[in-house]
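Q: Would you mind keeping the following structure in view while I ask a few things?
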Amino acid sequence: MSILRKIPGAIGSRFLTIYAGLALIYLLMPIFTVALFSFNDPVGRSNYAWASFTFDNWFTLFRDPTLVDAVGLSLRIALISTVIATAIGTLMAMAIVRYDFRFRKAMDLFVFLPLATPEIVLGASLLTLFVTLRIPLGEITLILAHVMFNVSYVVVTMKARLSGFDMRLEEAAADLGATPWQTFWRVTFPIILPGIAASAVLAFGLSLDDFVITRFNAGQVQTFPVYIYLKVQKGIPPQVNAFATLFFVVTVSLVAIGALMQRRRANLK
Amino acid sequence: MGMLRRHPALVPLMLLAPGLLWLVSFYLAPNIQMLASSFWSGTLETGFSFSLNNWTNYTDALSKYQEQYVRSIQYGFAATLLCFIIAFPLAYFIAFKAGRARNVLLFLVVAPFFTSYLLRTIGWRTILGDDSIILGPLKAIGLVDPSARFLDTPFAVIAGIAYNFVPFMILPIYVSLEKIDRRLLEAAQDLYASSWGAFRRITIPLALPGIFAGSLLTFIPAIGDFINAELLGNPGATMIGNVIQRQFLVVRDYPTAAALSFMLMVLILAGVTLYGRILGTDELTSKAI
């Protein structure tokens with residue numbers, strides 16, 4: 001390794017910079033392609049090859065009613081499953097971080113298991129359960145499934161946030177005569193709110209984009225990813241790229257606003 | 001509230017109850033049901049019946065789809081390795097060299113998650129296409145054969161899988177690198193360690209938990225993936241995920257499909273345990289996660 005030692009630091013570090021730049025291009029190139037092809041006016045049905053520039057796809061966003069329904073269903077499922085998963089996941093994380101009970105370690109592992117199980121197994125096993133119990137597949141089974149995988153993500157995120165929580169704040173509130181209920185809503189909740197918001201954004205994004213588990217448990221209904229999948233053979237309309245780009249811009253803006261607000265709060269302190 | 005004050009042990013239980021109930025009903029119960037279904041015989045039309053004699057479902061499935069298991073393991077390994085090669089230098093750069101740009105770069109790393117997974121994979125079809133921005137110019141200047149293709153090759157599938165899961169490798173490695181106490185590296189320098197020596201003896205060992213977590217978080221989804229093989233690969237070279245989804249959703253041979261996915265689970269658990277043993281610490285997982 002004497003050769004490595006002789007490489008002047010400057011060249012090594014420039015090489016690292018270039019390498020990191022290339023890695024980032026690799027990460028971002030497909031996103032750029034998705035956005036770019038929302039402005040494509042494809043020849044024929046498939047939207048794989050660049051033809052000519054147009055704004056039309058953005059003006060005809062709602063043209064295909066099946067696509068609009070699919071987007072609506074995806075947003076609805078994402079919203080409902082995010083609310084449920086964030087609520088019950090936050091409670092679970094509080095129990096695991098703050099209380100010492102007998103099966104705490106086992107609980108920690110159990111919550112983590114769904115994250116270590118391949119999505120295809122999660123989706124397939126749920127399907128066998130629903131088939132056996134003769135539960136009809138559709139929006140309800142999708143919400144049940146999405147809450148399931150989101151709970152684990154919320155617990156993992158919230159555990160990290162809660163472990164830095166200064167318990168003396170709650171003790172102080174109790175000393176000053178606050179009831180546990182008041183302490184939670186006036187002290188604990190405002191402090192953990194950024195963590196809850198971060199978990200909710202994560203859960204919403206995961207639900208909106210989930211394909212594998214959804215594919216197994218959707219029955220005849222179509223979410224946005226299922227719509228895309230079913231259109232792969234026939235050609236994906238460019239409006240799909242426009243919707244995906246819109247979602248990207250909205251989530252990125254939300255995350256950026258959230259980060260700025262947190263920084264401002266930190267500066268005020 | 002009165003009851004809770006008298007029995008404080010009930011508080012964690014009540015906090016846990018809703019989430020636990022959900023995970024037991026929709027994670028644990030389905031997996032048990034899947035194990036039971038793998039011992040079924042019959043069809044959707046005639047109905048299914050359970051018998052332990054149906055363990056032959058496993059041997060039949062294994063002998064029929066051995067090729068796909070082997071290919072999934074190979075692709076999973078290759079993709080994980082590729083992820084590591086891409087992720088480590090980038091994570092190192094973000095942790096040690098990026099300075100104030102650190103948060104922006106971390107955000108760019110997770111940015112792919114904010115666009116549709118399927119569309120990004122289809123995006124690779126465009127990028128790797130036969131006359132695309134990569135192959136087009138190479139063919140024009142005669143550097144590669146005009147009939148050369150990326151699509152429908154194992155290379156395209158592995159690159160696609162690696163692309164999809166590389167953020168799961170970057171983030172844990174970044175976290176473990178970022179935690180390294182910089183004074184350790186200064187001390188090494190003061191004691192005349194070369195920069196390579198310090199890297200090998202301090203940075204790498206301390207980054208191991210991140211590397212461990214990262215490779216599990218990429219290998220597990222990689223081995224079960226079927227989207228990349230379907231969209232970027234050759235239809236003749238499928239992975240086990242393709243078989244499972246076909247058996248469940250098209251053929252509807254639930255017993256075989258359940259046996260196949262249960263074996264995939266066991267394979268992964270065995271792999272994870274073995275990997276933990278090789279790296280020598282059970283603590284690694286808990287620390288990294």
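Scheme for the structure tokens: letters A, B, ... for chains in order shown; per-chain residue numbers from 1; ligand numbers from 1 in order shown.
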Give me the residues near Tyr163 of chain B as a compact mmCIF listing (two decimals) with N, CA and C atoms, in the first residue's frame, where near means some atom within 9 Å (using only C-alpha atoms) and where sequence neighbours in that chain fewer than 6 positions away do not count.
A:
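around_0.txt was written with the following content:
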```txt
# COMPACT_ATOMS: atom_id res chain seq x y z
N TYR A 26 -25.72 9.54 -10.68
CA TYR A 26 -26.35 8.22 -10.82
C TYR A 26 -27.66 8.17 -10.05
N LEU A 27 -27.66 8.77 -8.84
CA LEU A 27 -28.87 8.77 -8.02
C LEU A 27 -29.97 9.64 -8.61
N ALA B 79 -25.63 -6.91 -6.46
CA ALA B 79 -26.21 -5.58 -6.26
C ALA B 79 -25.74 -4.97 -4.94
N CYS B 83 -23.70 -1.59 -4.56
CA CYS B 83 -24.18 -0.53 -3.66
C CYS B 83 -23.06 -0.06 -2.76
N THR B 121 -37.56 3.20 -12.29
CA THR B 121 -37.02 2.00 -12.94
C THR B 121 -37.27 2.06 -14.45
```
Q: Using DSSP assignments from the backbone, pull out every residue in segment 126-213 of chain A that falls under helix (DSSP H, G or I) and give it to me as an mmCIF file with N, CA, C and O atoms, in the first residue's frame.
A:
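The resulting file, part_32.cif, is reproduced below:
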```
data_model
loop_
_atom_site.group_PDB
_atom_site.id
_atom_site.type_symbol
_atom_site.label_atom_id
_atom_site.label_comp_id
_atom_site.auth_asym_id
_atom_site.auth_seq_id
_atom_site.Cartn_x
_atom_site.Cartn_y
_atom_site.Cartn_z
ATOM 1 N N LEU A 126 -50.022 -11.585 3.623
ATOM 2 C CA LEU A 126 -51.308 -10.919 3.868
ATOM 3 C C LEU A 126 -52.375 -11.455 2.926
ATOM 4 O O LEU A 126 -53.516 -11.693 3.325
ATOM 5 N N LEU A 127 -51.994 -11.674 1.675
ATOM 6 C CA LEU A 127 -52.957 -12.202 0.706
ATOM 7 C C LEU A 127 -53.469 -13.574 1.148
ATOM 8 O O LEU A 127 -54.683 -13.826 1.097
ATOM 9 N N THR A 128 -52.564 -14.446 1.623
ATOM 10 C CA THR A 128 -53.039 -15.768 2.050
ATOM 11 C C THR A 128 -54.010 -15.643 3.224
ATOM 12 O O THR A 128 -54.997 -16.359 3.290
ATOM 13 N N LEU A 129 -53.739 -14.683 4.127
ATOM 14 C CA LEU A 129 -54.662 -14.486 5.250
ATOM 15 C C LEU A 129 -56.027 -14.010 4.745
ATOM 16 O O LEU A 129 -57.068 -14.563 5.127
ATOM 17 N N PHE A 130 -56.028 -13.002 3.876
ATOM 18 C CA PHE A 130 -57.292 -12.449 3.386
ATOM 19 C C PHE A 130 -58.076 -13.497 2.590
ATOM 20 O O PHE A 130 -59.299 -13.577 2.690
ATOM 21 N N VAL A 131 -57.358 -14.302 1.801
ATOM 22 C CA VAL A 131 -58.029 -15.334 1.017
ATOM 23 C C VAL A 131 -58.658 -16.372 1.944
ATOM 24 O O VAL A 131 -59.814 -16.767 1.777
ATOM 25 N N THR A 132 -57.880 -16.799 2.964
ATOM 26 C CA THR A 132 -58.385 -17.817 3.881
ATOM 27 C C THR A 132 -59.616 -17.327 4.651
ATOM 28 O O THR A 132 -60.570 -18.061 4.843
ATOM 29 N N GLU A 139 -59.944 -1.394 -1.157
ATOM 30 C CA GLU A 139 -59.402 -0.246 -0.435
ATOM 31 C C GLU A 139 -59.130 -0.564 1.043
ATOM 32 O O GLU A 139 -58.094 -0.184 1.585
ATOM 33 N N ILE A 140 -60.066 -1.300 1.681
ATOM 34 C CA ILE A 140 -59.911 -1.586 3.108
ATOM 35 C C ILE A 140 -58.677 -2.454 3.364
ATOM 36 O O ILE A 140 -57.853 -2.142 4.238
ATOM 37 N N THR A 141 -58.510 -3.523 2.567
ATOM 38 C CA THR A 141 -57.346 -4.394 2.787
ATOM 39 C C THR A 141 -56.053 -3.617 2.535
ATOM 40 O O THR A 141 -55.041 -3.853 3.204
ATOM 41 N N LEU A 142 -56.096 -2.674 1.589
ATOM 42 C CA LEU A 142 -54.889 -1.874 1.326
ATOM 43 C C LEU A 142 -54.558 -0.982 2.514
ATOM 44 O O LEU A 142 -53.397 -0.838 2.887
ATOM 45 N N ILE A 143 -55.583 -0.392 3.124
ATOM 46 C CA ILE A 143 -55.326 0.461 4.291
ATOM 47 C C ILE A 143 -54.746 -0.389 5.435
ATOM 48 O O ILE A 143 -53.754 -0.010 6.072
ATOM 49 N N LEU A 144 -55.330 -1.580 5.672
ATOM 50 C CA LEU A 144 -54.810 -2.469 6.713
ATOM 51 C C LEU A 144 -53.331 -2.781 6.456
ATOM 52 O O LEU A 144 -52.503 -2.736 7.370
ATOM 53 N N ALA A 145 -53.006 -3.076 5.190
ATOM 54 C CA ALA A 145 -51.631 -3.441 4.837
ATOM 55 C C ALA A 145 -50.690 -2.242 4.992
ATOM 56 O O ALA A 145 -49.595 -2.372 5.552
ATOM 57 N N HIS A 146 -51.116 -1.075 4.519
ATOM 58 C CA HIS A 146 -50.225 0.091 4.556
ATOM 59 C C HIS A 146 -49.947 0.536 5.991
ATOM 60 O O HIS A 146 -48.830 0.926 6.310
ATOM 61 N N VAL A 147 -50.968 0.466 6.851
ATOM 62 C CA VAL A 147 -50.732 0.814 8.260
ATOM 63 C C VAL A 147 -49.679 -0.139 8.829
ATOM 64 O O VAL A 147 -48.763 0.277 9.535
ATOM 65 N N MET A 148 -49.801 -1.441 8.486
ATOM 66 C CA MET A 148 -48.885 -2.441 9.032
ATOM 67 C C MET A 148 -47.426 -2.076 8.736
ATOM 68 O O MET A 148 -46.612 -2.004 9.650
ATOM 69 N N PHE A 149 -47.090 -1.823 7.456
ATOM 70 C CA PHE A 149 -45.655 -1.570 7.220
ATOM 71 C C PHE A 149 -45.237 -0.187 7.693
ATOM 72 O O PHE A 149 -44.080 0.026 8.064
ATOM 73 N N ASN A 150 -46.179 0.755 7.741
ATOM 74 C CA ASN A 150 -45.814 2.094 8.195
ATOM 75 C C ASN A 150 -45.589 2.177 9.703
ATOM 76 O O ASN A 150 -44.772 2.976 10.154
ATOM 77 N N VAL A 151 -46.309 1.355 10.484
ATOM 78 C CA VAL A 151 -46.142 1.400 11.940
ATOM 79 C C VAL A 151 -44.670 1.209 12.306
ATOM 80 O O VAL A 151 -44.106 1.962 13.100
ATOM 81 N N SER A 152 -44.025 0.220 11.686
ATOM 82 C CA SER A 152 -42.637 -0.066 12.036
ATOM 83 C C SER A 152 -41.723 1.117 11.700
ATOM 84 O O SER A 152 -40.837 1.462 12.475
ATOM 85 N N TYR A 153 -41.950 1.725 10.532
ATOM 86 C CA TYR A 153 -41.128 2.888 10.175
ATOM 87 C C TYR A 153 -41.324 4.021 11.166
ATOM 88 O O TYR A 153 -40.371 4.687 11.583
ATOM 89 N N VAL A 154 -42.591 4.251 11.561
ATOM 90 C CA VAL A 154 -42.873 5.334 12.507
ATOM 91 C C VAL A 154 -42.187 5.045 13.849
ATOM 92 O O VAL A 154 -41.554 5.925 14.438
ATOM 93 N N VAL A 155 -42.287 3.796 14.325
ATOM 94 C CA VAL A 155 -41.682 3.465 15.622
ATOM 95 C C VAL A 155 -40.175 3.705 15.579
ATOM 96 O O VAL A 155 -39.614 4.334 16.485
ATOM 97 N N VAL A 156 -39.514 3.237 14.501
ATOM 98 C CA VAL A 156 -38.058 3.403 14.418
ATOM 99 C C VAL A 156 -37.694 4.892 14.399
ATOM 100 O O VAL A 156 -36.778 5.330 15.107
ATOM 101 N N THR A 157 -38.418 5.692 13.609
ATOM 102 C CA THR A 157 -38.131 7.130 13.539
ATOM 103 C C THR A 157 -38.384 7.813 14.888
ATOM 104 O O THR A 157 -37.560 8.600 15.363
ATOM 105 N N MET A 158 -39.533 7.505 15.497
ATOM 106 C CA MET A 158 -39.901 8.178 16.750
ATOM 107 C C MET A 158 -38.993 7.773 17.904
ATOM 108 O O MET A 158 -38.719 8.573 18.790
ATOM 109 N N LYS A 159 -38.527 6.507 17.910
ATOM 110 C CA LYS A 159 -37.630 6.058 18.969
ATOM 111 C C LYS A 159 -36.372 6.922 18.989
ATOM 112 O O LYS A 159 -35.911 7.337 20.047
ATOM 113 N N ALA A 160 -35.826 7.195 17.787
ATOM 114 C CA ALA A 160 -34.622 8.013 17.696
ATOM 115 C C ALA A 160 -34.897 9.414 18.249
ATOM 116 O O ALA A 160 -34.079 9.982 18.967
ATOM 117 N N ARG A 161 -36.085 9.958 17.938
ATOM 118 C CA ARG A 161 -36.404 11.315 18.398
ATOM 119 C C ARG A 161 -36.654 11.354 19.894
ATOM 120 O O ARG A 161 -36.260 12.284 20.581
ATOM 121 N N LEU A 162 -37.353 10.335 20.397
ATOM 122 C CA LEU A 162 -37.760 10.342 21.802
ATOM 123 C C LEU A 162 -36.588 10.103 22.746
ATOM 124 O O LEU A 162 -36.613 10.551 23.889
ATOM 125 N N ARG A 168 -36.898 15.777 32.491
ATOM 126 C CA ARG A 168 -37.080 16.731 33.590
ATOM 127 C C ARG A 168 -38.174 17.753 33.259
ATOM 128 O O ARG A 168 -38.791 18.315 34.152
ATOM 129 N N LEU A 169 -38.387 17.974 31.951
ATOM 130 C CA LEU A 169 -39.427 18.933 31.554
ATOM 131 C C LEU A 169 -40.793 18.457 32.024
ATOM 132 O O LEU A 169 -41.608 19.242 32.502
ATOM 133 N N GLU A 170 -41.025 17.136 31.882
ATOM 134 C CA GLU A 170 -42.309 16.599 32.312
ATOM 135 C C GLU A 170 -42.417 16.591 33.831
ATOM 136 O O GLU A 170 -43.478 16.859 34.391
ATOM 137 N N GLU A 171 -41.289 16.267 34.486
ATOM 138 C CA GLU A 171 -41.299 16.285 35.947
ATOM 139 C C GLU A 171 -41.603 17.689 36.444
ATOM 140 O O GLU A 171 -42.369 17.874 37.390
ATOM 141 N N ALA A 172 -41.020 18.688 35.793
ATOM 142 C CA ALA A 172 -41.259 20.081 36.184
ATOM 143 C C ALA A 172 -42.735 20.413 36.050
ATOM 144 O O ALA A 172 -43.338 21.023 36.941
ATOM 145 N N ALA A 173 -43.347 19.986 34.938
ATOM 146 C CA ALA A 173 -44.768 20.253 34.727
ATOM 147 C C ALA A 173 -45.602 19.601 35.824
ATOM 148 O O ALA A 173 -46.529 20.214 36.372
ATOM 149 N N ALA A 174 -45.234 18.358 36.176
ATOM 150 C CA ALA A 174 -45.975 17.647 37.217
ATOM 151 C C ALA A 174 -45.805 18.357 38.557
ATOM 152 O O ALA A 174 -46.761 18.539 39.307
ATOM 153 N N ASP A 175 -44.576 18.812 38.844
ATOM 154 C CA ASP A 175 -44.320 19.530 40.094
ATOM 155 C C ASP A 175 -45.163 20.799 40.174
ATOM 156 O O ASP A 175 -45.554 21.238 41.248
ATOM 157 N N PRO A 180 -51.369 14.535 34.156
ATOM 158 C CA PRO A 180 -50.634 13.843 33.080
ATOM 159 C C PRO A 180 -51.149 14.250 31.696
ATOM 160 O O PRO A 180 -50.379 14.417 30.751
ATOM 161 N N TRP A 181 -52.458 14.441 31.594
ATOM 162 C CA TRP A 181 -53.075 14.811 30.325
ATOM 163 C C TRP A 181 -52.579 16.181 29.864
ATOM 164 O O TRP A 181 -52.154 16.355 28.724
ATOM 165 N N GLN A 182 -52.605 17.151 30.796
ATOM 166 C CA GLN A 182 -52.121 18.501 30.468
ATOM 167 C C GLN A 182 -50.638 18.466 30.122
ATOM 168 O O GLN A 182 -50.190 19.124 29.182
ATOM 169 N N THR A 183 -49.877 17.673 30.911
ATOM 170 C CA THR A 183 -48.439 17.582 30.659
ATOM 171 C C THR A 183 -48.190 17.079 29.248
ATOM 172 O O THR A 183 -47.347 17.608 28.521
ATOM 173 N N PHE A 184 -48.961 16.057 28.848
ATOM 174 C CA PHE A 184 -48.733 15.505 27.512
ATOM 175 C C PHE A 184 -49.002 16.564 26.445
ATOM 176 O O PHE A 184 -48.159 16.823 25.594
ATOM 177 N N TRP A 185 -50.191 17.199 26.510
ATOM 178 C CA TRP A 185 -50.551 18.104 25.410
ATOM 179 C C TRP A 185 -49.798 19.419 25.431
ATOM 180 O O TRP A 185 -49.569 20.019 24.398
ATOM 181 N N ARG A 186 -49.385 19.897 26.625
ATOM 182 C CA ARG A 186 -48.743 21.214 26.666
ATOM 183 C C ARG A 186 -47.220 21.145 26.671
ATOM 184 O O ARG A 186 -46.562 22.113 26.343
ATOM 185 N N VAL A 187 -46.656 19.994 27.094
ATOM 186 C CA VAL A 187 -45.194 19.910 27.160
ATOM 187 C C VAL A 187 -44.666 18.879 26.165
ATOM 188 O O VAL A 187 -43.917 19.202 25.249
ATOM 189 N N THR A 188 -45.093 17.629 26.330
ATOM 190 C CA THR A 188 -44.523 16.549 25.525
ATOM 191 C C THR A 188 -44.841 16.721 24.045
ATOM 192 O O THR A 188 -43.936 16.724 23.201
ATOM 193 N N PHE A 189 -46.132 16.876 23.743
ATOM 194 C CA PHE A 189 -46.550 16.899 22.341
ATOM 195 C C PHE A 189 -45.846 17.988 21.517
ATOM 196 O O PHE A 189 -45.317 17.697 20.445
ATOM 197 N N PRO A 190 -45.814 19.257 22.004
ATOM 198 C CA PRO A 190 -45.135 20.276 21.191
ATOM 199 C C PRO A 190 -43.668 19.939 20.945
ATOM 200 O O PRO A 190 -43.135 20.241 19.870
ATOM 201 N N ILE A 191 -43.020 19.292 21.922
ATOM 202 C CA ILE A 191 -41.594 18.990 21.747
ATOM 203 C C ILE A 191 -41.391 17.881 20.722
ATOM 204 O O ILE A 191 -40.460 17.928 19.910
ATOM 205 N N ILE A 192 -42.259 16.865 20.753
ATOM 206 C CA ILE A 192 -42.042 15.755 19.807
ATOM 207 C C ILE A 192 -42.724 15.990 18.464
ATOM 208 O O ILE A 192 -42.600 15.177 17.556
ATOM 209 N N LEU A 193 -43.416 17.139 18.311
ATOM 210 C CA LEU A 193 -44.144 17.389 17.066
ATOM 211 C C LEU A 193 -43.274 17.315 15.798
ATOM 212 O O LEU A 193 -43.684 16.696 14.816
ATOM 213 N N PRO A 194 -42.048 17.901 15.798
ATOM 214 C CA PRO A 194 -41.224 17.767 14.583
ATOM 215 C C PRO A 194 -40.961 16.300 14.227
ATOM 216 O O PRO A 194 -40.978 15.931 13.051
ATOM 217 N N GLY A 195 -40.739 15.466 15.250
ATOM 218 C CA GLY A 195 -40.516 14.036 15.014
ATOM 219 C C GLY A 195 -41.745 13.384 14.428
ATOM 220 O O GLY A 195 -41.663 12.577 13.497
ATOM 221 N N ILE A 196 -42.921 13.755 14.960
ATOM 222 C CA ILE A 196 -44.173 13.200 14.446
ATOM 223 C C ILE A 196 -44.358 13.620 12.985
ATOM 224 O O ILE A 196 -44.720 12.807 12.133
ATOM 225 N N ALA A 197 -44.064 14.894 12.709
ATOM 226 C CA ALA A 197 -44.215 15.379 11.332
ATOM 227 C C ALA A 197 -43.283 14.622 10.393
ATOM 228 O O ALA A 197 -43.690 14.201 9.305
ATOM 229 N N ALA A 198 -42.032 14.400 10.837
ATOM 230 C CA ALA A 198 -41.079 13.678 9.990
ATOM 231 C C ALA A 198 -41.567 12.255 9.731
ATOM 232 O O ALA A 198 -41.518 11.761 8.595
ATOM 233 N N SER A 199 -42.077 11.593 10.779
ATOM 234 C CA SER A 199 -42.591 10.227 10.606
ATOM 235 C C SER A 199 -43.765 10.210 9.643
ATOM 236 O O SER A 199 -43.891 9.310 8.810
ATOM 237 N N ALA A 200 -44.638 11.215 9.775
ATOM 238 C CA ALA A 200 -45.827 11.251 8.933
ATOM 239 C C ALA A 200 -45.459 11.449 7.462
ATOM 240 O O ALA A 200 -46.017 10.786 6.581
ATOM 241 N N VAL A 201 -44.483 12.336 7.189
ATOM 242 C CA VAL A 201 -44.051 12.549 5.809
ATOM 243 C C VAL A 201 -43.495 11.247 5.229
ATOM 244 O O VAL A 201 -43.817 10.853 4.105
ATOM 245 N N LEU A 202 -42.673 10.557 6.057
ATOM 246 C CA LEU A 202 -42.089 9.291 5.621
ATOM 247 C C LEU A 202 -43.193 8.279 5.302
ATOM 248 O O LEU A 202 -43.195 7.651 4.239
ATOM 249 N N ALA A 203 -44.152 8.137 6.236
ATOM 250 C CA ALA A 203 -45.224 7.157 6.059
ATOM 251 C C ALA A 203 -46.057 7.490 4.815
ATOM 252 O O ALA A 203 -46.394 6.607 4.029
ATOM 253 N N PHE A 204 -46.353 8.772 4.640
ATOM 254 C CA PHE A 204 -47.168 9.187 3.496
ATOM 255 C C PHE A 204 -46.463 8.833 2.186
ATOM 256 O O PHE A 204 -47.060 8.257 1.281
ATOM 257 N N GLY A 205 -45.177 9.140 2.125
ATOM 258 C CA GLY A 205 -44.413 8.853 0.912
ATOM 259 C C GLY A 205 -44.345 7.358 0.635
ATOM 260 O O GLY A 205 -44.521 6.919 -0.502
ATOM 261 N N LEU A 206 -44.103 6.564 1.691
ATOM 262 C CA LEU A 206 -44.000 5.114 1.513
ATOM 263 C C LEU A 206 -45.315 4.534 1.023
ATOM 264 O O LEU A 206 -45.349 3.657 0.159
ATOM 265 N N SER A 207 -46.421 5.027 1.590
ATOM 266 C CA SER A 207 -47.727 4.516 1.205
ATOM 267 C C SER A 207 -48.051 4.891 -0.238
ATOM 268 O O SER A 207 -48.485 4.061 -1.029
ATOM 269 N N LEU A 208 -47.802 6.145 -0.576
ATOM 270 C CA LEU A 208 -48.124 6.644 -1.914
ATOM 271 C C LEU A 208 -47.385 5.856 -2.991
ATOM 272 O O LEU A 208 -47.894 5.626 -4.080
ATOM 273 N N ASP A 209 -46.161 5.434 -2.671
ATOM 274 C CA ASP A 209 -45.312 4.807 -3.682
ATOM 275 C C ASP A 209 -45.319 3.286 -3.594
ATOM 276 O O ASP A 209 -44.697 2.615 -4.411
ATOM 277 N N VAL A 212 -45.408 -3.246 -4.351
ATOM 278 C CA VAL A 212 -45.379 -4.699 -4.200
ATOM 279 C C VAL A 212 -46.520 -5.196 -3.300
ATOM 280 O O VAL A 212 -47.332 -6.034 -3.711
ATOM 281 N N ILE A 213 -46.591 -4.660 -2.076
ATOM 282 C CA ILE A 213 -47.623 -5.114 -1.139
ATOM 283 C C ILE A 213 -49.010 -4.772 -1.686
ATOM 284 O O ILE A 213 -49.950 -5.558 -1.588
#
```
Q: Would you list which chain A residues are within 7 Å of chain B using only C-alpha atoms, as a PyMOL selection string?
A: chain A and resi 5+16+20+23+27-28+30-31+33-34+48-49+88-89+91-92+95+99+116+118+120-121+125-126+128-129+145+148+205+209+225+244+248+251
Q: Which residues come within 10 Å of segment 140-149 of chain B, counting only C-alpha atoms, excluding same-chain residues fewer than 2 positions away, as a list in words?
A: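 Residues near the query, excluding close chain neighbours: Leu128, Gly129, Asp130, Asp131, Leu135, Gly136, Pro137, Leu138, Leu151, Asp152, Thr153 and Ala156 of chain B.
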Q: Record the distance separating atom CA of Asn57 of chain A and atom CA of Pro42 of chain A, expressed in Å with one decimal.
A: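 Atom CA of Pro42 of chain A lies at a distance of 10.4 Å from atom CA of Asn57 of chain A.
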Q: To one decimal in Å, tell me the separation between atom CA of Thr59 of chain B and atom CA of Glu45 of chain B.
A: 23.9 Å
Q: Would you work out the distance separating atom CA of Asn47 of chain A from atom CA of Asp69 of chain A, expressed in Å to one decimal?
A: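 Between atom CA of Asn47 of chain A and atom CA of Asp69 of chain A the gap works out to 21.4 Å.
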Q: Given the choices A:Met167, A:Val250, A:Ala35, A:Val68, which gets closest to Phe224 of chain A if the distance is worked out from only C-alpha atoms?
A: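 Under the stated criterion, the closest residue is A:Val68.
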